[in-house]
Every structure is written in structure tokens, then in C-alpha cells.
Amino acid sequence: MNGTAFPLFLSLRVALAALAVIVPIGLFLGYIQARHDYRGRSLVDVLIVLPIVLPPSVTGYYLIMVLGRKGIVGGPLYEMMGVSIIFTFWAAVIAAVVVSLPLFIKFAQAAFHGVDPDLEAVARTLGAGPIATFFRVTVPVAWRGLVAGAVLCFARALGEFGATLMFAGNIPGKTNTMTLEIWSSYQAGDDARAMALVITLTVVSVAVVFAFSRLERLQRKDRR
Amino acid sequence: MKSVSAVLEVDVRIPVGPLGDVRERAAVQARFTLPGGILVIFGPSGTGKTLTVRAVAGLVAATGIIRVGGETLLDADANVAPEHRRVGYVPQHAALFPHLSVRDNVAFGLRVRGNRKESGPRAEQWLERLGVSHLADRMPRRLSGGESQRVSLARALAPEPRVVLLDEPFASLDLTTRREMRRVVRQVQEGSGIPMVFVTHSPREAIEMGDHLVRYGVGGSQEEGRPEDLVEEDSE
């Protein structure tokens, strides 16, 4: 397993950092989409789903256009502050966030949609403000759906390849995540190393899927 | 609206909402006073009874005047948020928090107001008064319909609201449980002195429960008076 530790821990760090960004944004957007009827809601729904249907390399290209050194946002950021995001750890995190966030929003939306609005109404009349109601009633009632979304999101971030390759590169010791390292090893003809990486990632992915199915079973039991 | 002694004064217009089943309806105009005891809002489905109590609780937008115990909750300048109205609400299907035990459901209103120490004993007291103290540790999904409504009522009463709104709380219960629940609600109202607004479409329930009655008719008509004068008892 020599040399697999860095890509494995890098992938885990990227996926966890992505999750830390995704959860608050996803909770907010998922709740708005589930509970509020506003003008332009359908358009927002389409924009949310877009990164799921776009090929990851296309998403990666858009990220370069926006956040690259000559990008709409990345250009001024580099010229004025000398900050460059592309080909860094944070570029890998951003790529993972963009491709995984829609999954979490969709799960959160469905989970919040399943919460009886009367529960929130009663909580308000009992003295809980909107934020207290959200955290004391809505989130605890929806939590299994939310955790299931987070687990799938984590798995998606862990397996991210196309957008990461485009936007974060494949820099050894810096941005060579597990999936990129598998590709590099295979390209270099190092089959033993590729196999070791593949087995490691398979074990981690199976563990994630197992956790997900356990949660789903708990969720079904809870509804009975 | 002139009654000085009224516990609750309502004179509101509830505009057509953008969501769900109220979309195609005309605005509801509601005007009544509650001097104390139990006021029944009686009428057929679709006449705005639920919208009225939800407007009093601050859960749907309305214009006009709502006063509780002399304090203005709604007028041209003020619109007090539901969490500050001190108005209890018991919806049709109890809506117990499924992730909390019966005791924690009843203590919820006291805890969110920062009254943590007292919340446990006060919750126990109200469960005792509603005859369900033996269910304190149960989760809501293990309760029957009647038990759920008793807990829902205890939860609404525990923070000692100025008025409690009950929106067809017995609609999904069997006949025997309904009769028993009417007795329980009357007993609790008389014992606690907390005024109540009780929504129903059952003539018998209207007569048995109400000290005062507002009859909602199709087309927006409203009459206020004594239950026995406005309702013909024909069925459950």
C-alpha cells in the first residue's frame, strides 16, 4: 500500500471540507425550495440540478472560466490580491462542492417536504422563532433524509474525477486525489499500485453504501 | 368589537393565499368577540373556519384587528409574530413532535421560552390534568388518536396561553372517544379558566361545547349568538 496514504487522506480531506461547505448551503436552499413558492422557483430548480446532468469536464471548464487566473472572478482576485485558486487543494474542494451540492439539496428538499407543516406551525405558537423551529423541529424530524443525503454527497465528492482534473490538476503531493492517482498509475503501467488504490477506494465506497442502506432501513422503520 | 371585557376580539380579512387549497377561494371576513369560556366556530367545510383560527395564531397573513386580553396582536401598525402572541393551537391531527417523548412535547413551549427548570414538573402537572401522565415516556407514534389529542391539548396549555385555538381536534376520532374528549376539554377549560376557540362542523359538538357561537355560512355570511339558537341538533 506504499504511496496510497497521501492520495487517500487528500481525498478524505477534500470530501470532508466539501461536506462542511455543502451542508449549510444545502440546508438553506433545500428548505427554501421545499417550503417557499416564489417567482423563479422552477428556474432555480433547474440551476440546482444542472451540475448533475452536465459532464464533469464541462463543469470543470466553467470553473476555470469563472475562477481561473484569467476568469471572471479569479482574474481580478489574482491581479488585486495575488490569490490563485486553480491547481490548489481548495480548487479540488470547490470542484467537489459544485458536483456534489445538487445531490444534497435534492435530498434535503425531499426530507423537508416530508415534514408536516403543522409541526412547524405549532412550534411557532409555542414560542419558537423561525430559526429555533428549524433547528428544534424541522431538522430533527428530517434528519435521516439529511444524513442519507450527506453520505451520498460524501461518496460523490470522494469519487470526483473530471472537474477536479480540469480545475485542480493532478499535481503529485498536492492535488493527486485517489481517483486521479488511479488514472496516473494505470497510464504509467503501474498495475500493482493502481490495483491497491482501486481496492482501497472500493472498501471505502462499500462502507459508505452500507452506511447509506442502514440509514434507509432505519428511515423506513421510523415511518411505520 | 366594542366589548371592553372581551378576552378576544377579531375583525379581520384574510386574503386568498397563493398556496394549496385556498387558492380558488374568495377572501374570508371574520368578525367576533370571545368574552370567556368556549367560543365555537361552526359551519360547513370550505367556509374559512381553519383560516380564521390560523389568522388569530398569526400563521396566515390577515389585515384588520386582533386583540387578546387588551393587547393588540394585529392592526394597521402592528403584526405580532406567532411566537410572541401567547396563543395556543391544537390542529386537527394533533401534530405531536415525533422525535420527542410525550413529556418533552408538553415541555417544549416552556423550554423554548427558557424555562428549563420548571418545564419537567409543569409538563407532568398538565399530563396529570389531562389524564395521560402514565404516557409521559412514550413516543407519539405509540399513542392512540384520543391520547394524541390529550397530549396536544396539554402541550398547548402548558405555557399558559391567553387563549387556546382548537381546530376540529376530534374530527378523526371515533364516537365514544369524541364524547369523552368533549367532557375533558370542558373540564379543563372550567378548571384552568383559559378561554378557548373551538372549530367544528358537527352540530352536536357545537351545542355541547359552546358557551358562544359564530356560525359560518357558504358565501361568507356570519352570525353570532347562543349555540342553541343558531344550531339545529340533528347528528354527531
# chains A, B, ... in the order shown; residues from 1 in each chain; ligands from 1
$ interface_residues --of "chain A" --to "chain B" --cutoff "6 Å" --atoms "only C-alpha atoms" --output "ChimeraX atom specification"
/A:119,124-129
$ residues_around --residues "region 149-159 of chain A" --least-positions-apart "6" --cutoff "9 Å" --atoms "only C-alpha atoms" --output "count of residues only"
33
$ select_by_dssp --residues "region 158-202 of chain B" --states "helix (DSSP H, G or I)" --output "JSON, numbers by chain"
{"B": [175, 176, 177, 178, 179, 180, 181, 182, 183, 184, 185, 186, 187, 188, 189, 190, 191, 192]}
$ write_last_selection --atoms "N, CA and C atoms" --output "PDB file, in the first residue's frame"
ATOM      1  N   LEU B 175     -66.661   7.789  17.841  1.00  0.00           N
ATOM      2  CA  LEU B 175     -67.752   8.454  18.553  1.00  0.00           C
ATOM      3  C   LEU B 175     -67.564   8.463  20.074  1.00  0.00           C
ATOM      4  N   THR B 176     -67.181   7.315  20.622  1.00  0.00           N
ATOM      5  CA  THR B 176     -67.018   7.209  22.078  1.00  0.00           C
ATOM      6  C   THR B 176     -65.896   8.134  22.550  1.00  0.00           C
ATOM      7  N   THR B 177     -64.777   8.115  21.815  1.00  0.00           N
ATOM      8  CA  THR B 177     -63.640   8.949  22.202  1.00  0.00           C
ATOM      9  C   THR B 177     -64.006  10.435  22.073  1.00  0.00           C
ATOM     10  N   ARG B 178     -64.791  10.755  21.051  1.00  0.00           N
ATOM     11  CA  ARG B 178     -65.220  12.151  20.857  1.00  0.00           C
ATOM     12  C   ARG B 178     -65.999  12.645  22.059  1.00  0.00           C
ATOM     13  N   ARG B 179     -66.958  11.816  22.522  1.00  0.00           N
ATOM     14  CA  ARG B 179     -67.786  12.198  23.676  1.00  0.00           C
ATOM     15  C   ARG B 179     -66.903  12.425  24.896  1.00  0.00           C
ATOM     16  N   GLU B 180     -65.970  11.499  25.102  1.00  0.00           N
ATOM     17  CA  GLU B 180     -65.063  11.573  26.249  1.00  0.00           C
ATOM     18  C   GLU B 180     -64.208  12.850  26.149  1.00  0.00           C
ATOM     19  N   MET B 181     -63.730  13.139  24.949  1.00  0.00           N
ATOM     20  CA  MET B 181     -62.858  14.304  24.756  1.00  0.00           C
ATOM     21  C   MET B 181     -63.605  15.623  24.988  1.00  0.00           C
ATOM     22  N   ARG B 182     -64.883  15.658  24.591  1.00  0.00           N
ATOM     23  CA  ARG B 182     -65.680  16.870  24.845  1.00  0.00           C
ATOM     24  C   ARG B 182     -65.725  17.159  26.342  1.00  0.00           C
ATOM     25  N   ARG B 183     -65.966  16.092  27.111  1.00  0.00           N
ATOM     26  CA  ARG B 183     -66.036  16.237  28.572  1.00  0.00           C
ATOM     27  C   ARG B 183     -64.682  16.732  29.109  1.00  0.00           C
ATOM     28  N   VAL B 184     -63.596  16.139  28.598  1.00  0.00           N
ATOM     29  CA  VAL B 184     -62.255  16.503  29.070  1.00  0.00           C
ATOM     30  C   VAL B 184     -61.967  17.982  28.786  1.00  0.00           C
ATOM     31  N   VAL B 185     -62.268  18.419  27.553  1.00  0.00           N
ATOM     32  CA  VAL B 185     -61.963  19.810  27.176  1.00  0.00           C
ATOM     33  C   VAL B 185     -62.778  20.776  28.039  1.00  0.00           C
ATOM     34  N   ARG B 186     -64.060  20.470  28.235  1.00  0.00           N
ATOM     35  CA  ARG B 186     -64.917  21.343  29.051  1.00  0.00           C
ATOM     36  C   ARG B 186     -64.357  21.435  30.469  1.00  0.00           C
ATOM     37  N   GLN B 187     -63.999  20.268  31.005  1.00  0.00           N
ATOM     38  CA  GLN B 187     -63.479  20.195  32.369  1.00  0.00           C
ATOM     39  C   GLN B 187     -62.195  21.032  32.499  1.00  0.00           C
ATOM     40  N   VAL B 188     -61.295  20.857  31.540  1.00  0.00           N
ATOM     41  CA  VAL B 188     -60.013  21.565  31.582  1.00  0.00           C
ATOM     42  C   VAL B 188     -60.240  23.067  31.435  1.00  0.00           C
ATOM     43  N   GLN B 189     -61.172  23.447  30.565  1.00  0.00           N
ATOM     44  CA  GLN B 189     -61.442  24.879  30.369  1.00  0.00           C
ATOM     45  C   GLN B 189     -61.974  25.483  31.661  1.00  0.00           C
ATOM     46  N   GLU B 190     -62.932  24.798  32.281  1.00  0.00           N
ATOM     47  CA  GLU B 190     -63.517  25.338  33.506  1.00  0.00           C
ATOM     48  C   GLU B 190     -62.483  25.373  34.630  1.00  0.00           C
ATOM     49  N   GLY B 191     -61.640  24.346  34.689  1.00  0.00           N
ATOM     50  CA  GLY B 191     -60.625  24.274  35.739  1.00  0.00           C
ATOM     51  C   GLY B 191     -59.528  25.315  35.576  1.00  0.00           C
ATOM     52  N   SER B 192     -59.103  25.530  34.351  1.00  0.00           N
ATOM     53  CA  SER B 192     -57.965  26.433  34.120  1.00  0.00           C
ATOM     54  C   SER B 192     -58.408  27.874  33.897  1.00  0.00           C
TER      55      SER B 192
END
$ atom_distance --atom1 "CA of Asn170 (chain A)" --atom2 "CA of Ala207 (chain A)"
26.1 Å
$ closest_residue --among "B:Gly46, B:Gly69, B:Pro227, B:Gly193" --to "Glu205 (chain B)" --atoms "only C-alpha atoms"
B:Pro227
$ atom_distance --atom1 "CA of Arg35 (chain A)" --atom2 "CA of Phe112 (chain A)"
7.8 Å
$ atom_distance --atom1 "CA of Met209 (chain B)" --atom2 "CA of Pro117 (chain A)"
27.8 Å
$ residues_around --residues "Glu181 (chain A)" --least-positions-apart "2" --cutoff "9 Å" --atoms "only C-alpha atoms" --output "count of residues only"
14
$ select_by_dssp --residues "region 6-220 of chain B" --states "strand (DSSP E or B)" --output "JSON, numbers by chain"
{"B": [8, 9, 10, 11, 12, 13, 14, 28, 29, 30, 31, 32, 33, 34, 38, 39, 40, 41, 42, 63, 64, 65, 66, 67, 68, 71, 72, 73, 74, 79, 87, 88, 89, 90, 163, 164, 165, 166, 167, 196, 197, 198, 199, 200, 212, 213, 214, 215, 216]}
$ residues_around --residues "Arg67 (chain B)" --least-positions-apart "3" --cutoff "9 Å" --atoms "only C-alpha atoms" --output "count of residues only"
11
